[in-house]
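Chemist: This is start-v4.pdb, which holds PDB, C-alpha atoms:
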ATOM      1  CA  MET R  11      67.972  99.219 119.940
ATOM      2  CA  ILE R  12      65.386  98.083 122.489
ATOM      3  CA  ILE R  13      66.104  98.204 126.225
ATOM      4  CA  ILE R  14      64.637  95.626 128.619
ATOM      5  CA  THR R  15      65.109  96.010 132.360
ATOM      6  CA  GLY R  16      64.601  93.008 134.600
ATOM      7  CA  ALA R  17      65.616  91.164 131.452
ATOM      8  CA  THR R  18      66.832  87.960 133.119
ATOM      9  CA  GLY R  19      63.745  87.680 135.317
ATOM     10  CA  PHE R  20      60.392  86.055 134.644
ATOM     11  CA  ILE R  21      58.473  88.451 132.404
ATOM     12  CA  GLY R  22      61.553  90.274 131.129
ATOM     13  CA  SER R  23      63.186  87.126 129.747
ATOM     14  CA  ASN R  24      59.966  86.205 127.961
ATOM     15  CA  ILE R  25      59.986  89.652 126.318
ATOM     16  CA  VAL R  26      63.556  88.997 125.165
ATOM     17  CA  ALA R  27      62.453  85.660 123.681
ATOM     18  CA  ASP R  28      59.566  87.267 121.790
ATOM     19  CA  LEU R  29      61.774  90.062 120.445
ATOM     20  CA  ASN R  30      64.343  87.503 119.264
ATOM     21  CA  ALA R  31      61.512  85.626 117.537
ATOM     22  CA  ARG R  32      60.733  88.881 115.716
ATOM     23  CA  GLY R  33      64.334  89.059 114.527
ATOM     24  CA  ARG R  34      65.407  91.712 117.040
ATOM     25  CA  THR R  35      68.825  91.023 118.524
ATOM     26  CA  ASP R  36      69.784  94.665 119.080
ATOM     27  CA  LEU R  37      68.741  94.365 122.708
ATOM     28  CA  LEU R  38      70.317  95.993 125.745
ATOM     29  CA  LEU R  39      69.483  93.926 128.811
ATOM     30  CA  VAL R  40      69.554  95.572 132.235
ATOM     31  CA  ASP R  41      69.501  93.324 135.299
ATOM     32  CA  ASP R  42      71.587  91.435 137.811
ATOM     33  CA  LEU R  43      72.093  87.691 137.432
ATOM     34  CA  GLY R  44      72.139  86.955 141.156
ATOM     35  CA  THR R  45      72.613  83.431 142.442
ATOM     36  CA  GLN R  46      69.250  81.847 141.571
ATOM     37  CA  GLY R  47      70.198  80.666 138.096
ATOM     38  CA  LYS R  48      68.531  83.501 136.182
ATOM     39  CA  TRP R  49      71.244  83.219 133.523
ATOM     40  CA  LYS R  50      69.390  80.139 132.254
ATOM     41  CA  ASN R  51      66.430  82.344 131.312
ATOM     42  CA  ILE R  52      68.527  84.063 128.646
ATOM     43  CA  ALA R  53      70.967  81.249 127.828
ATOM     44  CA  LYS R  54      69.436  80.781 124.358
ATOM     45  CA  ARG R  55      68.934  84.463 123.638
ATOM     46  CA  ARG R  56      70.816  86.937 121.442
ATOM     47  CA  PHE R  57      71.479  90.479 122.632
ATOM     48  CA  LEU R  58      73.976  93.329 122.517
ATOM     49  CA  ASP R  59      74.950  93.484 126.169
ATOM     50  CA  LEU R  60      73.844  92.771 129.727
ATOM     51  CA  VAL R  61      74.358  95.656 132.157
ATOM     52  CA  ASP R  62      73.970  95.527 135.934
ATOM     53  CA  TYR R  63      70.957  97.606 136.994
ATOM     54  CA  ARG R  64      72.976  99.052 139.884
ATOM     55  CA  SER R  65      75.000 101.059 137.372
ATOM     56  CA  LEU R  66      71.892 102.966 136.226
ATOM     57  CA  ASP R  67      73.335 106.357 137.211
ATOM     58  CA  GLN R  68      76.322 105.714 134.951
ATOM     59  CA  LEU R  69      74.320 104.033 132.183
ATOM     60  CA  LEU R  70      71.593 106.576 131.432
ATOM     61  CA  PRO R  71      73.877 109.534 130.568
ATOM     62  CA  LYS R  72      75.680 107.341 128.018
ATOM     63  CA  LEU R  73      72.503 106.269 126.207
ATOM     64  CA  GLU R  74      71.404 108.460 123.343
ATOM     65  CA  ARG R  75      68.516 106.587 121.750
ATOM     66  CA  ALA R  76      66.321 103.510 121.803
ATOM     67  CA  ASP R  77      63.256 102.328 119.913
ATOM     68  CA  ALA R  78      61.519 101.418 123.182
ATOM     69  CA  VAL R  79      62.115 100.655 126.856
ATOM     70  CA  PHE R  80      60.377  97.712 128.531
ATOM     71  CA  HIS R  81      60.857  98.374 132.229
ATOM     72  CA  MET R  82      60.151  95.148 134.118
ATOM     73  CA  GLY R  83      62.933  95.505 136.701
ATOM     74  CA  ALA R  84      61.707  95.673 140.292
ATOM     75  CA  ASN R  85      61.769  94.070 143.698
ATOM     76  CA  SER R  86      58.566  92.068 143.225
ATOM     77  CA  SER R  87      58.397  90.473 146.671
ATOM     78  CA  THR R  88      55.012  91.166 148.246
ATOM     79  CA  THR R  89      56.514  90.378 151.665
ATOM     80  CA  SER R  90      59.471  92.771 151.460
ATOM     81  CA  THR R  91      59.783  95.165 154.383
ATOM     82  CA  ASP R  92      62.901  97.057 153.240
ATOM     83  CA  GLY R  93      61.332 100.403 152.468
ATOM     84  CA  ASP R  94      64.546 102.088 151.374
ATOM     85  CA  GLU R  95      65.335  99.383 148.825
ATOM     86  CA  ILE R  96      61.780  99.409 147.474
ATOM     87  CA  LEU R  97      61.924 103.205 147.196
ATOM     88  CA  HIS R  98      65.194 103.066 145.253
ATOM     89  CA  VAL R  99      64.542 100.055 143.022
ATOM     90  CA  ASN R 100      60.808 100.315 142.365
ATOM     91  CA  LEU R 101      60.088 104.026 142.492
ATOM     92  CA  HIS R 102      63.165 106.177 141.885
ATOM     93  CA  ALA R 103      64.625 103.921 139.163
ATOM     94  CA  THR R 104      61.305 103.933 137.312
ATOM     95  CA  MET R 105      61.161 107.715 137.533
ATOM     96  CA  ALA R 106      64.657 107.882 136.068
ATOM     97  CA  TRP R 107      63.669 105.731 133.070
ATOM     98  CA  TRP R 108      60.512 107.805 132.544
ATOM     99  CA  ARG R 109      62.523 111.021 132.476
ATOM    100  CA  TRP R 110      65.086 109.514 130.077
ATOM    101  CA  CYS R 111      62.327 108.291 127.734
ATOM    102  CA  THR R 112      60.633 111.691 127.876
ATOM    103  CA  LEU R 113      63.891 113.474 127.060
ATOM    104  CA  HIS R 114      64.747 111.152 124.150
ATOM    105  CA  GLY R 115      61.240 110.615 122.755
ATOM    106  CA  THR R 116      61.244 106.883 123.523
ATOM    107  CA  PRO R 117      58.136 104.712 124.153
ATOM    108  CA  PHE R 118      58.049 103.489 127.767
ATOM    109  CA  ILE R 119      56.207 100.313 128.797
ATOM    110  CA  TYR R 120      56.488  99.482 132.485
ATOM    111  CA  ALA R 121      55.272  96.919 134.987
ATOM    112  CA  SER R 122      52.654  98.036 137.446
ATOM    113  CA  SER R 123      50.682  95.463 139.434
ATOM    114  CA  ALA R 124      47.232  94.339 140.493
ATOM    115  CA  ALA R 125      48.633  94.689 144.031
ATOM    116  CA  THR R 126      47.773  98.382 143.641
ATOM    117  CA  TYR R 127      44.100  97.439 144.092
ATOM    118  CA  GLY R 128      44.605  96.330 147.688
ATOM    119  CA  ASP R 129      41.694  94.304 149.031
ATOM    120  CA  GLY R 130      39.615  94.980 145.927
ATOM    121  CA  ALA R 131      37.002  97.022 147.782
ATOM    122  CA  GLN R 132      37.226  99.697 145.060
ATOM    123  CA  GLY R 133      36.929  97.138 142.270
ATOM    124  CA  PHE R 134      39.458  96.292 139.577
ATOM    125  CA  ALA R 135      38.822  98.912 136.902
ATOM    126  CA  ASP R 136      42.019 100.437 135.451
ATOM    127  CA  ASN R 137      40.750 103.980 135.865
ATOM    128  CA  GLN R 138      43.617 106.471 135.796
ATOM    129  CA  ASN R 139      41.545 109.414 137.001
ATOM    130  CA  PRO R 140      43.517 110.912 139.946
ATOM    131  CA  ASP R 141      40.493 110.771 142.264
ATOM    132  CA  ALA R 142      39.944 107.084 141.465
ATOM    133  CA  LEU R 143      43.630 106.302 142.009
ATOM    134  CA  ASP R 144      43.589 108.071 145.382
ATOM    135  CA  LYS R 145      40.868 105.691 146.597
ATOM    136  CA  LEU R 146      43.061 102.615 146.156
ATOM    137  CA  SER R 147      44.858 101.276 149.240
ATOM    138  CA  PRO R 148      47.586  98.677 148.551
ATOM    139  CA  LEU R 149      48.117  96.121 151.305
ATOM    140  CA  ASN R 150      51.895  95.821 151.116
ATOM    141  CA  LEU R 151      55.041  97.826 150.436
ATOM    142  CA  TYR R 152      55.452  96.401 146.942
ATOM    143  CA  GLY R 153      51.910  97.374 145.948
ATOM    144  CA  TRP R 154      52.392 100.828 147.459
ATOM    145  CA  SER R 155      55.522 101.451 145.361
ATOM    146  CA  LYS R 156      53.747 100.485 142.138
ATOM    147  CA  HIS R 157      50.728 102.604 143.044
ATOM    148  CA  GLN R 158      52.866 105.640 143.843
ATOM    149  CA  PHE R 159      54.521 105.472 140.455
ATOM    150  CA  ASP R 160      51.192 105.074 138.654
ATOM    151  CA  LYS R 161      49.964 108.261 140.330
ATOM    152  CA  TRP R 162      53.231 110.059 139.557
ATOM    153  CA  ALA R 163      53.066 108.995 135.905
ATOM    154  CA  VAL R 164      49.478 110.185 135.495
ATOM    155  CA  GLU R 165      50.440 113.567 136.971
ATOM    156  CA  ARG R 166      53.446 113.932 134.653
ATOM    157  CA  ALA R 167      51.356 112.940 131.627
ATOM    158  CA  ALA R 168      48.730 115.546 132.530
ATOM    159  CA  GLU R 169      51.514 118.155 132.604
ATOM    160  CA  GLY R 170      52.733 117.116 129.162
ATOM    161  CA  LYS R 171      55.965 115.699 130.626
ATOM    162  CA  ALA R 172      55.641 112.159 129.313
ATOM    163  CA  PRO R 173      57.215 109.871 126.729
ATOM    164  CA  PRO R 174      55.484 109.835 123.318
ATOM    165  CA  GLN R 175      53.947 106.513 124.363
ATOM    166  CA  TRP R 176      53.676 105.212 127.901
ATOM    167  CA  ALA R 177      51.853 102.185 129.250
ATOM    168  CA  GLY R 178      51.655 100.957 132.828
ATOM    169  CA  LEU R 179      50.548  97.319 132.930
ATOM    170  CA  LYS R 180      48.755  96.107 136.037
ATOM    171  CA  PHE R 181      49.753  92.443 135.914
ATOM    172  CA  PHE R 182      47.427  90.068 137.728
ATOM    173  CA  ASN R 183      48.517  86.500 138.665
ATOM    174  CA  VAL R 184      51.047  85.715 135.961
ATOM    175  CA  TYR R 185      52.345  82.178 135.477
ATOM    176  CA  GLY R 186      54.531  80.561 132.842
ATOM    177  CA  PRO R 187      58.056  79.710 131.671
ATOM    178  CA  ASN R 188      61.147  81.205 133.308
ATOM    179  CA  GLU R 189      59.730  81.725 136.789
ATOM    180  CA  TYR R 190      61.831  78.843 138.122
ATOM    181  CA  HIS R 191      64.229  81.099 140.048
ATOM    182  CA  LYS R 192      61.510  82.825 142.081
ATOM    183  CA  GLY R 193      61.379  80.508 145.093
ATOM    184  CA  ASP R 194      58.260  81.101 147.191
ATOM    185  CA  MET R 195      57.072  83.694 144.665
ATOM    186  CA  LYS R 196      56.624  81.049 141.950
ATOM    187  CA  SER R 197      53.116  80.359 140.699
ATOM    188  CA  LEU R 198      51.202  77.389 142.079
ATOM    189  CA  VAL R 199      51.557  75.754 138.668
ATOM    190  CA  ALA R 200      55.346  75.759 138.967
ATOM    191  CA  LYS R 201      55.226  74.706 142.610
ATOM    192  CA  ASN R 202      52.783  71.828 142.232
ATOM    193  CA  THR R 203      53.259  70.224 138.816
ATOM    194  CA  ALA R 204      55.982  67.830 140.017
ATOM    195  CA  LEU R 205      53.867  66.919 143.073
ATOM    196  CA  VAL R 206      50.846  66.098 140.931
ATOM    197  CA  ALA R 207      53.047  64.056 138.586
ATOM    198  CA  ARG R 208      54.290  62.002 141.572
ATOM    199  CA  GLY R 209      50.775  61.508 142.922
ATOM    200  CA  GLU R 210      51.411  63.537 146.061
ATOM    201  CA  THR R 211      48.701  65.446 147.885
ATOM    202  CA  ILE R 212      48.371  69.152 147.096
ATOM    203  CA  ARG R 213      47.710  71.478 150.013
ATOM    204  CA  LEU R 214      45.433  74.473 149.587
ATOM    205  CA  PHE R 215      44.134  76.962 152.121
ATOM    206  CA  LYS R 216      40.793  76.506 153.785
ATOM    207  CA  SER R 217      38.390  79.376 153.412
ATOM    208  CA  HIS R 218      37.911  81.669 156.382
ATOM    209  CA  LYS R 219      35.329  83.848 154.678
ATOM    210  CA  GLU R 220      31.639  83.203 154.220
ATOM    211  CA  GLY R 221      30.631  82.550 150.634
ATOM    212  CA  TYR R 222      33.890  80.869 149.613
ATOM    213  CA  GLU R 223      34.503  77.134 149.774
ATOM    214  CA  ASP R 224      37.853  75.707 150.810
ATOM    215  CA  GLY R 225      40.222  76.255 147.889
ATOM    216  CA  GLY R 226      37.552  78.404 146.281
ATOM    217  CA  GLN R 227      39.440  81.677 146.610
ATOM    218  CA  LEU R 228      39.448  83.311 143.183
ATOM    219  CA  ARG R 229      42.278  84.837 141.163
ATOM    220  CA  ASP R 230      42.710  86.139 137.629
ATOM    221  CA  PHE R 231      45.451  83.791 136.428
ATOM    222  CA  VAL R 232      47.088  85.039 133.200
ATOM    223  CA  TYR R 233      49.634  83.213 131.043
ATOM    224  CA  VAL R 234      52.916  85.050 130.514
ATOM    225  CA  LYS R 235      52.765  84.422 126.759
ATOM    226  CA  ASP R 236      49.551  86.465 126.634
ATOM    227  CA  CYS R 237      51.236  89.248 128.616
ATOM    228  CA  CYS R 238      54.018  89.354 126.058
ATOM    229  CA  ASN R 239      51.510  89.408 123.197
ATOM    230  CA  VAL R 240      50.031  92.554 124.720
ATOM    231  CA  MET R 241      53.455  94.162 125.022
ATOM    232  CA  MET R 242      54.362  93.330 121.424
ATOM    233  CA  TRP R 243      51.034  94.866 120.388
ATOM    234  CA  LEU R 244      51.900  98.025 122.329
ATOM    235  CA  LEU R 245      55.243  98.142 120.530
ATOM    236  CA  ASP R 246      53.369  98.019 117.219
ATOM    237  CA  ASN R 247      50.725 100.546 118.278
ATOM    238  CA  PRO R 248      52.495 103.645 119.590
ATOM    239  CA  LYS R 249      49.278 105.636 119.959
ATOM    240  CA  ALA R 250      48.091 103.410 122.840
ATOM    241  CA  SER R 251      49.030 105.032 126.156
ATOM    242  CA  GLY R 252      47.802 104.860 129.731
ATOM    243  CA  ILE R 253      47.363 102.439 132.597
ATOM    244  CA  PHE R 254      45.987  99.053 131.527
ATOM    245  CA  ASN R 255      44.971  95.929 133.409
ATOM    246  CA  LEU R 256      46.652  92.756 132.224
ATOM    247  CA  GLY R 257      44.689  89.680 133.196
ATOM    248  CA  THR R 258      42.174  87.469 131.420
ATOM    249  CA  GLY R 259      39.057  89.068 132.839
ATOM    250  CA  GLN R 260      38.000  85.651 134.182
ATOM    251  CA  ALA R 261      38.575  84.757 137.840
ATOM    252  CA  ARG R 262      39.169  81.072 138.590
ATOM    253  CA  SER R 263      39.622  79.176 141.854
ATOM    254  CA  PHE R 264      42.778  77.565 143.189
ATOM    255  CA  VAL R 265      40.986  74.220 142.937
ATOM    256  CA  ASP R 266      40.416  74.928 139.233
ATOM    257  CA  LEU R 267      44.121  75.686 138.850
ATOM    258  CA  VAL R 268      45.259  72.448 140.493
ATOM    259  CA  GLN R 269      42.717  70.401 138.557
ATOM    260  CA  ALA R 270      44.029  71.989 135.328
ATOM    261  CA  ILE R 271      47.500  70.688 136.235
ATOM    262  CA  GLY R 272      46.083  67.199 136.712
ATOM    263  CA  LYS R 273      44.257  67.415 133.405
ATOM    264  CA  ALA R 274      47.441  68.498 131.614
ATOM    265  CA  LEU R 275      49.312  65.530 133.086
ATOM    266  CA  ALA R 276      46.395  63.091 132.778
ATOM    267  CA  LYS R 277      46.780  62.455 136.524
ATOM    268  CA  PRO R 278      44.197  62.440 139.321
ATOM    269  CA  VAL R 279      44.654  65.197 141.894
ATOM    270  CA  SER R 280      44.416  64.731 145.659
ATOM    271  CA  ILE R 281      43.817  67.938 147.648
ATOM    272  CA  GLU R 282      44.142  68.539 151.385
ATOM    273  CA  TYR R 283      42.840  71.771 152.880
ATOM    274  CA  ILE R 284      44.902  73.403 155.615
ATOM    275  CA  ASP R 285      44.294  76.384 157.868
ATOM    276  CA  MET R 286      45.457  79.704 156.526
ATOM    277  CA  PRO R 287      48.094  81.233 158.825
ATOM    278  CA  GLU R 288      46.482  83.801 161.081
ATOM    279  CA  SER R 289      49.210  86.298 160.198
ATOM    280  CA  ILE R 290      47.971  86.621 156.609
ATOM    281  CA  ARG R 291      44.220  86.262 157.125
ATOM    282  CA  PRO R 292      43.438  89.972 157.672
ATOM    283  CA  ASN R 293      44.936  91.030 154.317
ATOM    284  CA  TYR R 294      44.197  87.929 152.257
ATOM    285  CA  GLN R 295      42.450  88.557 148.932
ATOM    286  CA  TYR R 296      39.565  86.209 148.153
ATOM    287  CA  PHE R 297      38.809  87.628 144.718
ATOM    288  CA  THR R 298      40.701  89.374 141.914
ATOM    289  CA  GLU R 299      39.447  89.831 138.366
ATOM    290  CA  ALA R 300      40.791  92.300 135.829
ATOM    291  CA  ARG R 301      38.450  94.603 133.972
ATOM    292  CA  MET R 302      39.784  94.260 130.437
ATOM    293  CA  ASP R 303      37.504  96.587 128.485
ATOM    294  CA  LYS R 304      40.003  99.473 128.477
ATOM    295  CA  LEU R 305      42.700  97.464 126.686
ATOM    296  CA  ARG R 306      40.102  96.083 124.279
ATOM    297  CA  GLN R 307      38.807  99.562 123.535
ATOM    298  CA  ALA R 308      42.386 100.650 122.820
ATOM    299  CA  GLY R 309      42.418  98.074 120.017
ATOM    300  CA  PHE R 310      43.901  94.852 121.406
ATOM    301  CA  SER R 311      41.735  92.062 119.999
ATOM    302  CA  GLU R 312      43.754  88.857 120.411
ATOM    303  CA  LYS R 313      42.327  85.978 122.424
ATOM    304  CA  PHE R 314      43.807  85.098 125.804
ATOM    305  CA  HIS R 315      44.525  81.502 126.826
ATOM    306  CA  SER R 316      41.887  80.052 129.113
ATOM    307  CA  LEU R 317      43.200  78.649 132.405
ATOM    308  CA  ASP R 318      43.079  75.089 131.061
ATOM    309  CA  GLU R 319      44.801  76.097 127.801
ATOM    310  CA  GLY R 320      47.545  78.102 129.470
ATOM    311  CA  VAL R 321      48.295  75.530 132.155
ATOM    312  CA  ALA R 322      48.345  72.725 129.574
ATOM    313  CA  ASP R 323      50.838  74.595 127.394
ATOM    314  CA  TYR R 324      53.053  75.487 130.364
ATOM    315  CA  VAL R 325      53.016  71.988 131.843
ATOM    316  CA  GLN R 326      53.372  70.003 128.632
ATOM    317  CA  GLN R 327      55.714  72.262 126.666
ATOM    318  CA  HIS R 328      57.916  73.419 129.542
ATOM    319  CA  LEU R 329      57.565  71.937 133.041
ATOM    320  CA  ALA R 330      57.325  68.343 131.807
ATOM    321  CA  GLN R 331      60.272  68.743 129.421
ATOM    322  CA  PRO R 332      63.920  67.944 130.232
ATOM    323  CA  ASP R 333      64.806  71.552 129.328
ATOM    324  CA  PRO R 334      61.930  73.812 130.440
ATOM    325  CA  PHE R 335      63.517  77.081 129.309
ATOM    326  CA  ARG R 336      62.248  78.907 126.251
TER     327      ARG R 336
END
Do you think you could lay out the structure here as structure tokens?

Modeler:
Amino acid sequence: MIIITGATGFIGSNIVADLNARGRTDLLLVDDLGTQGKWKNIAKRRFLDLVDYRSLDQLLPKLERADAVFHMGANSSTTSTDGDEILHVNLHATMAWWRWCTLHGTPFIYASSAATYGDGAQGFADNQNPDALDKLSPLNLYGWSKHQFDKWAVERAAEGKAPPQWAGLKFFNVYGPNEYHKGDMKSLVAKNTALVARGETIRLFKSHKEGYEDGGQLRDFVYVKDCCNVMMWLLDNPKASGIFNLGTGQARSFVDLVQAIGKALAKPVSIEYIDMPESIRPNYQYFTEARMDKLRQAGFSEKFHSLDEGVADYVQQHLAQPDPFR
């Protein structure tokens, strides 16, 4: 059996799809369905059961074994201000899964985040040295929760109190199928494809920082199918453990992203630049780019989609289809 938490969400449901494609249907899904239509993300999937994540205290004592745990469940809102919920859902629940995997000798692959890097002043190297981790300063509650667990995990591993394999994945700007329920947290590809198709003007932020053109803010956009390829590789390579960045290693601008949508649709793109709200200017990131050498050195050698390739696949094979779900 393989356990996937956050299994009806964006990345989790893509993991379920990839495991089904491998012939694995002995899957225990842990999540809540909510009211945003997340059930559609797993409507075509095969699994053993779907258990509400809020019953974790009752669930874990009943579980005796698993081949692996993919822990993607979290409150992923970067604007959340509910510290108690974040503490419970993002930190304490992850600790509970870690302890269970350690006790039962189960590989543990969990979602960290590039939000742990804060403003990027310390760079984007996935160094898990405690001193290097202590220098990072996340800009929001979500990033803080992920960073605190990364530090906790490194400490436990140093004490020999870790699962036989553990991997914390610092996801950068992930886009792709099954993010449709995420509202304002959807990628700009999901938000703007229909607008480009209708010939409407796309609005991007002006730059308020010297050295960056309007719409020229840079992000490491990574396709969710590549993220899942990495996780399937980790499943097949149990000796690979540690904290790993998960991006492409190539920063691209928001203008590049929107133009890639137009290219995928064979449509011209009209862009209007608007002022960035003053409330977000102080903490706005103008550049993120994953250092990917650590994952490569661990043995992962597959090619990542370029921005144009990933956006084209997402737009043409999913967003432009009557049924966009995998």

Chemist: Assuming the chain letters and numbering stay as they are in my file, what does the PyMOL selection byres ((chain R and resi 268-281) around 8) actually select? List them as a ChimeraX atom specification.

Modeler: /R:198-199,202-203,206-207,209-214,264-267,282-283,317-318,321-322,325-326

Chemist: Identify which of the residues R:Glu223, R:Ala106, R:Asn239, R:Gly252 lies closest to Asp160 in chain R, counting all atoms listed in the file when measuring atom-to-atom distances.

Modeler: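 The shortest atom-to-atom distance to Asp160 in chain R comes from R:Gly252.
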
Chemist: At a cut-off of 12 Å, using all atoms listed in the file, what residues contact Glu74 in chain R? Leave out same-chain residues fewer than 3 positions from it and give the result as a PDB file with C-alpha atoms, in the frame of the given file.

Modeler:
ATOM      1  CA  MET R  11      67.972  99.219 119.940  1.00  0.00           C
ATOM      2  CA  ILE R  13      66.104  98.204 126.225  1.00  0.00           C
ATOM      3  CA  LEU R  69      74.320 104.033 132.183  1.00  0.00           C
ATOM      4  CA  LEU R  70      71.593 106.576 131.432  1.00  0.00           C
ATOM      5  CA  PRO R  71      73.877 109.534 130.568  1.00  0.00           C
ATOM      6  CA  ASP R  77      63.256 102.328 119.913  1.00  0.00           C
ATOM      7  CA  TRP R 110      65.086 109.514 130.077  1.00  0.00           C
ATOM      8  CA  CYS R 111      62.327 108.291 127.734  1.00  0.00           C
ATOM      9  CA  LEU R 113      63.891 113.474 127.060  1.00  0.00           C
ATOM     10  CA  HIS R 114      64.747 111.152 124.150  1.00  0.00           C
ATOM     11  CA  GLY R 115      61.240 110.615 122.755  1.00  0.00           C
ATOM     12  CA  THR R 116      61.244 106.883 123.523  1.00  0.00           C
TER      13      THR R 116
END

Chemist: Could you tell me, as a ChimeraX atom specification, exactly which residues end up selected when the PyMOL selection byres ((chain R and resi 21-35) around 9) is applied to this structure?

Modeler: /R:11-12,14-20,36-39,51-52,54-58,80-83,184,186-189,234-235,237-239,241-242,336

Chemist: Could you write out that same residue set with C-alpha atoms as a PDB file, in the frame of the given file?

Modeler:
ATOM      1  CA  MET R  11      67.972  99.219 119.940  1.00  0.00           C
ATOM      2  CA  ILE R  12      65.386  98.083 122.489  1.00  0.00           C
ATOM      3  CA  ILE R  14      64.637  95.626 128.619  1.00  0.00           C
ATOM      4  CA  THR R  15      65.109  96.010 132.360  1.00  0.00           C
ATOM      5  CA  GLY R  16      64.601  93.008 134.600  1.00  0.00           C
ATOM      6  CA  ALA R  17      65.616  91.164 131.452  1.00  0.00           C
ATOM      7  CA  THR R  18      66.832  87.960 133.119  1.00  0.00           C
ATOM      8  CA  GLY R  19      63.745  87.680 135.317  1.00  0.00           C
ATOM      9  CA  PHE R  20      60.392  86.055 134.644  1.00  0.00           C
ATOM     10  CA  ASP R  36      69.784  94.665 119.080  1.00  0.00           C
ATOM     11  CA  LEU R  37      68.741  94.365 122.708  1.00  0.00           C
ATOM     12  CA  LEU R  38      70.317  95.993 125.745  1.00  0.00           C
ATOM     13  CA  LEU R  39      69.483  93.926 128.811  1.00  0.00           C
ATOM     14  CA  ASN R  51      66.430  82.344 131.312  1.00  0.00           C
ATOM     15  CA  ILE R  52      68.527  84.063 128.646  1.00  0.00           C
ATOM     16  CA  LYS R  54      69.436  80.781 124.358  1.00  0.00           C
ATOM     17  CA  ARG R  55      68.934  84.463 123.638  1.00  0.00           C
ATOM     18  CA  ARG R  56      70.816  86.937 121.442  1.00  0.00           C
ATOM     19  CA  PHE R  57      71.479  90.479 122.632  1.00  0.00           C
ATOM     20  CA  LEU R  58      73.976  93.329 122.517  1.00  0.00           C
ATOM     21  CA  PHE R  80      60.377  97.712 128.531  1.00  0.00           C
ATOM     22  CA  HIS R  81      60.857  98.374 132.229  1.00  0.00           C
ATOM     23  CA  MET R  82      60.151  95.148 134.118  1.00  0.00           C
ATOM     24  CA  GLY R  83      62.933  95.505 136.701  1.00  0.00           C
ATOM     25  CA  VAL R 184      51.047  85.715 135.961  1.00  0.00           C
ATOM     26  CA  GLY R 186      54.531  80.561 132.842  1.00  0.00           C
ATOM     27  CA  PRO R 187      58.056  79.710 131.671  1.00  0.00           C
ATOM     28  CA  ASN R 188      61.147  81.205 133.308  1.00  0.00           C
ATOM     29  CA  GLU R 189      59.730  81.725 136.789  1.00  0.00           C
ATOM     30  CA  VAL R 234      52.916  85.050 130.514  1.00  0.00           C
ATOM     31  CA  LYS R 235      52.765  84.422 126.759  1.00  0.00           C
ATOM     32  CA  CYS R 237      51.236  89.248 128.616  1.00  0.00           C
ATOM     33  CA  CYS R 238      54.018  89.354 126.058  1.00  0.00           C
ATOM     34  CA  ASN R 239      51.510  89.408 123.197  1.00  0.00           C
ATOM     35  CA  MET R 241      53.455  94.162 125.022  1.00  0.00           C
ATOM     36  CA  MET R 242      54.362  93.330 121.424  1.00  0.00           C
ATOM     37  CA  ARG R 336      62.248  78.907 126.251  1.00  0.00           C
TER      38      ARG R 336
END

Chemist: I want to know what sits within 8 Å of Ile119 in chain R, based on only C-alpha atoms, with residues of the same chain fewer than 4 positions away left out; could you give that as a ChimeraX atom specification?

Modeler: /R:78-81,175-179,241

Chemist: Using the chain letters and numbers from the file, give me the residues hit by the PyMOL selection byres ((chain R and resi 129) around 8), as JSON, numbers by chain.

Modeler: {"R": [127, 128, 130, 131, 147, 148, 149, 293, 294, 295]}

Chemist: Calculated over only C-alpha atoms, which of the candidates R:Pro248, R:Gly44, R:Pro173, R:Gly93 has the smallest distance to Gly309 in chain R?

Modeler: R:Pro248

Chemist: Between R:Thr88, R:Ser316, R:Asn150, R:Gln227, which one has atoms that come closest to Asp194 in chain R, using all atoms listed in the file?

Modeler: R:Thr88

Chemist: List the spatial neighbours of Ser86 in chain R as a PyMOL selection string - criterion: any atom at most 10 Å away, all atoms listed in the file, same-chain residues fewer than 2 positions off excluded.

Modeler: chain R and resi 82-84+88-90+96+99-100+123+151-153+156+192+195

Chemist: Could you write out that same residue set with C-alpha atoms as a short mmCIF file (atom, residue, chain, number, x, y, z; two decimals), in the frame of the given file?

Modeler:
data_model
loop_
_atom_site.label_atom_id
_atom_site.label_comp_id
_atom_site.auth_asym_id
_atom_site.auth_seq_id
_atom_site.Cartn_x
_atom_site.Cartn_y
_atom_site.Cartn_z
CA MET R 82 60.15 95.15 134.12
CA GLY R 83 62.93 95.50 136.70
CA ALA R 84 61.71 95.67 140.29
CA THR R 88 55.01 91.17 148.25
CA THR R 89 56.51 90.38 151.66
CA SER R 90 59.47 92.77 151.46
CA ILE R 96 61.78 99.41 147.47
CA VAL R 99 64.54 100.06 143.02
CA ASN R 100 60.81 100.32 142.36
CA SER R 123 50.68 95.46 139.43
CA LEU R 151 55.04 97.83 150.44
CA TYR R 152 55.45 96.40 146.94
CA GLY R 153 51.91 97.37 145.95
CA LYS R 156 53.75 100.48 142.14
CA LYS R 192 61.51 82.82 142.08
CA MET R 195 57.07 83.69 144.66
#

Chemist: In terms of the shortest atom-to-atom distance over only C-alpha atoms, which of R:Gly225, R:Leu101, R:Ser65, R:Ala167 is closest to Ser251 in chain R?

Modeler: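 Of R:Gly225, R:Leu101, R:Ser65, R:Ala167, the one nearest Ser251 in chain R is R:Ala167, counting only C-alpha atoms.
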
Chemist: Please, what distance in Å, to one decimal, runs between CA of Thr298 in chain R and CA of Lys180 in chain R?

Modeler: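 Atom-to-atom, CA of Thr298 in chain R and CA of Lys180 in chain R are spaced 12.0 Å apart.
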
Chemist: Could you pull the residues within 9 Å of Asp236 in chain R, counting all atoms listed in the file, minus those fewer than 2 positions along the same chain, as a PyMOL selection string?

Modeler: chain R and resi 232-234+238-241+256-258+312-315

Chemist: At what distance in Å, to one decimal, does CA of Phe231 in chain R lie from CA of Ala124 in chain R?

Modeler: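 CA of Phe231 in chain R lies 11.4 Å from CA of Ala124 in chain R.
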